[in-house]
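Asks: The structure that follows is given in the form of structure tokens.
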Amino acid sequence: GRRYAAGGQALAAGLFAGAIRAGIPIWLDTSLTELVTEGGRVTGAVVEHGGNRFVVTARRGVVLAAGGFDHDMEMRRKFHSDSLGSNLSLGAESNTGDAIRLGQDAGADIALMDQSWWFPAVAPLPGAAPAV
């Protein structure tokens with residue numbers, strides 16, 4: 001009765017399972033809008049959930065596990081190829097690079113943005129999942 005997960009899905013599943021075990025509430029449909037910094041350190045995040053704005057503080061660090069940038073054509077052209085058309089992506093529609101940009105604004109460095117994990121896939125039929 002379990003579904004196979006690999007790659008990023010498996011990493012996210014492990015993070016999710018750890019959060020559940022630790023009793024951390026999980027909010028879906030929540031947007032990261034800002035990182036809170038103090039003395040050169042990221043100490044929290046500002047998120048929007050259910051039409052409200054919340055400041056979440058962290059004692060030990062903030063993990064930006066927010067997908068990639070496959071639904072931001074400007075970033076795709078910058079890091080992959082400026083000749084890309086408006087290509088479709090099977091990645092989550094929320095993969096718009098927001099966490100990458102906010103991390104950079106807070107002083108994070110980026111590397112290997114031109115590297116991607118590409119795989120062949122077939123777009124899903126209505127009501128079905130993509131096939132790899």
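Each chain of the structure tokens is named A, B, ... in the order shown, its residues numbered from 1; ligands are numbered from 1 in display order.
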Write out as a ChimeraX atom specification the residues lying within 9 Å of A:Gln115, counting only C-alpha atoms and excluding same-chain residues fewer than 3 positions away.
Replies: /A:79-80,111-112
Asks: DSSP on the backbone, then: every residue of chain A marked alpha helix (DSSP H), written as a ChimeraX atom specification.
Replies: /A:7-21,73-79,98-105
Asks: Have a look at A:Ala65, A:Ser89, A:Val122, A:Val56 and name the one nearest to A:Phe16; count only C-alpha atoms.
Replies: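 Looking at the shortest contact to A:Phe16, the residue is A:Ala65.
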Asks: So that I can check the secondary structure, give me every residue of chain A assigned strand (DSSP E) by backbone DSSP, as a list in words.
Replies: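 The strand (DSSP E) residues within chain A come out as Thr30, Ser31, Leu32, Thr33, Glu34, Leu35, Val36, Thr37, Glu38, Arg41, Val42, Thr43, Gly44, Ala45, Val46, Val47, Glu48, His49, Asn52, Arg53, Phe54, Val55, Val56 and Thr57 of chain A.
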Asks: Next, write the just-selected residues to a file, as a compact mmCIF listing (two decimals), in the first residue's frame, keeping C-alpha atoms as the atom set.
Replies:
```txt
# COMPACT_ATOMS: atom_id res chain seq x y z
CA THR A 30 1.67 28.48 2.32
CA SER A 31 3.93 31.00 0.57
CA LEU A 32 7.37 32.04 1.78
CA THR A 33 7.52 35.83 1.42
CA GLU A 34 10.61 36.84 3.39
CA LEU A 35 13.51 35.49 5.44
CA VAL A 36 14.11 37.11 8.82
CA THR A 37 17.76 37.87 9.54
CA GLU A 38 19.50 38.98 12.70
CA ARG A 41 22.01 34.89 10.44
CA VAL A 42 18.66 33.70 9.15
CA THR A 43 16.50 33.36 12.24
CA GLY A 44 13.07 32.79 10.75
CA ALA A 45 10.68 33.25 7.88
CA VAL A 46 7.61 35.27 7.02
CA VAL A 47 4.90 33.16 5.39
CA GLU A 48 1.39 33.73 4.11
CA HIS A 49 -1.24 31.12 4.93
CA ASN A 52 -2.82 35.79 6.98
CA ARG A 53 0.84 36.67 7.46
CA PHE A 54 2.89 34.76 10.08
CA VAL A 55 6.43 35.13 11.35
CA VAL A 56 7.99 31.76 12.16
CA THR A 57 11.16 31.87 14.25
```
Asks: Env of A:Gly68: 8 Å cut, atoms = only C-alpha atoms, seq-sep filter 4 positions within chain, self excluded. Answer as a PDB file with all heavy atoms, in the first residue's frame.
Replies:
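So around_25.pdb came out as:
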```
ATOM      1  N   ASN A  95       7.151  25.626  -8.118  1.00  0.00           N
ATOM      2  CA  ASN A  95       8.607  25.703  -8.298  1.00  0.00           C
ATOM      3  C   ASN A  95       8.953  26.946  -9.113  1.00  0.00           C
ATOM      4  O   ASN A  95       9.250  26.871 -10.302  1.00  0.00           O
ATOM      5  CB  ASN A  95       9.140  24.457  -9.012  1.00  0.00           C
ATOM      6  CG  ASN A  95       9.152  23.229  -8.155  1.00  0.00           C
ATOM      7  OD1 ASN A  95       8.939  23.295  -6.956  1.00  0.00           O
ATOM      8  ND2 ASN A  95       9.407  22.089  -8.760  1.00  0.00           N
ATOM      9  N   THR A  96       8.926  28.101  -8.466  1.00  0.00           N
ATOM     10  CA  THR A  96       9.155  29.360  -9.160  1.00  0.00           C
ATOM     11  C   THR A  96      10.448  30.051  -8.734  1.00  0.00           C
ATOM     12  O   THR A  96      10.682  31.196  -9.101  1.00  0.00           O
ATOM     13  CB  THR A  96       7.965  30.307  -8.931  1.00  0.00           C
ATOM     14  OG1 THR A  96       7.776  30.471  -7.526  1.00  0.00           O
ATOM     15  CG2 THR A  96       6.695  29.767  -9.572  1.00  0.00           C
ATOM     16  N   GLY A  97      11.284  29.382  -7.943  1.00  0.00           N
ATOM     17  CA  GLY A  97      12.579  29.925  -7.560  1.00  0.00           C
ATOM     18  C   GLY A  97      12.542  30.929  -6.422  1.00  0.00           C
ATOM     19  O   GLY A  97      13.566  31.538  -6.111  1.00  0.00           O
ATOM     20  N   ILE A 100      15.071  30.314  -3.668  1.00  0.00           N
ATOM     21  CA  ILE A 100      16.446  30.563  -4.135  1.00  0.00           C
ATOM     22  C   ILE A 100      16.735  32.057  -4.090  1.00  0.00           C
ATOM     23  O   ILE A 100      17.772  32.491  -3.573  1.00  0.00           O
ATOM     24  CB  ILE A 100      16.640  30.002  -5.555  1.00  0.00           C
ATOM     25  CG1 ILE A 100      16.498  28.478  -5.550  1.00  0.00           C
ATOM     26  CG2 ILE A 100      17.995  30.422  -6.134  1.00  0.00           C
ATOM     27  CD1 ILE A 100      16.389  27.847  -6.931  1.00  0.00           C
TER      28      ILE A 100
END
```
Asks: Mind pulling up the distance from atom CA of A:Leu102 to atom CA of A:Asp82?
Replies: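 Separation of atom CA of A:Asp82 and atom CA of A:Leu102: 22.8 Å.
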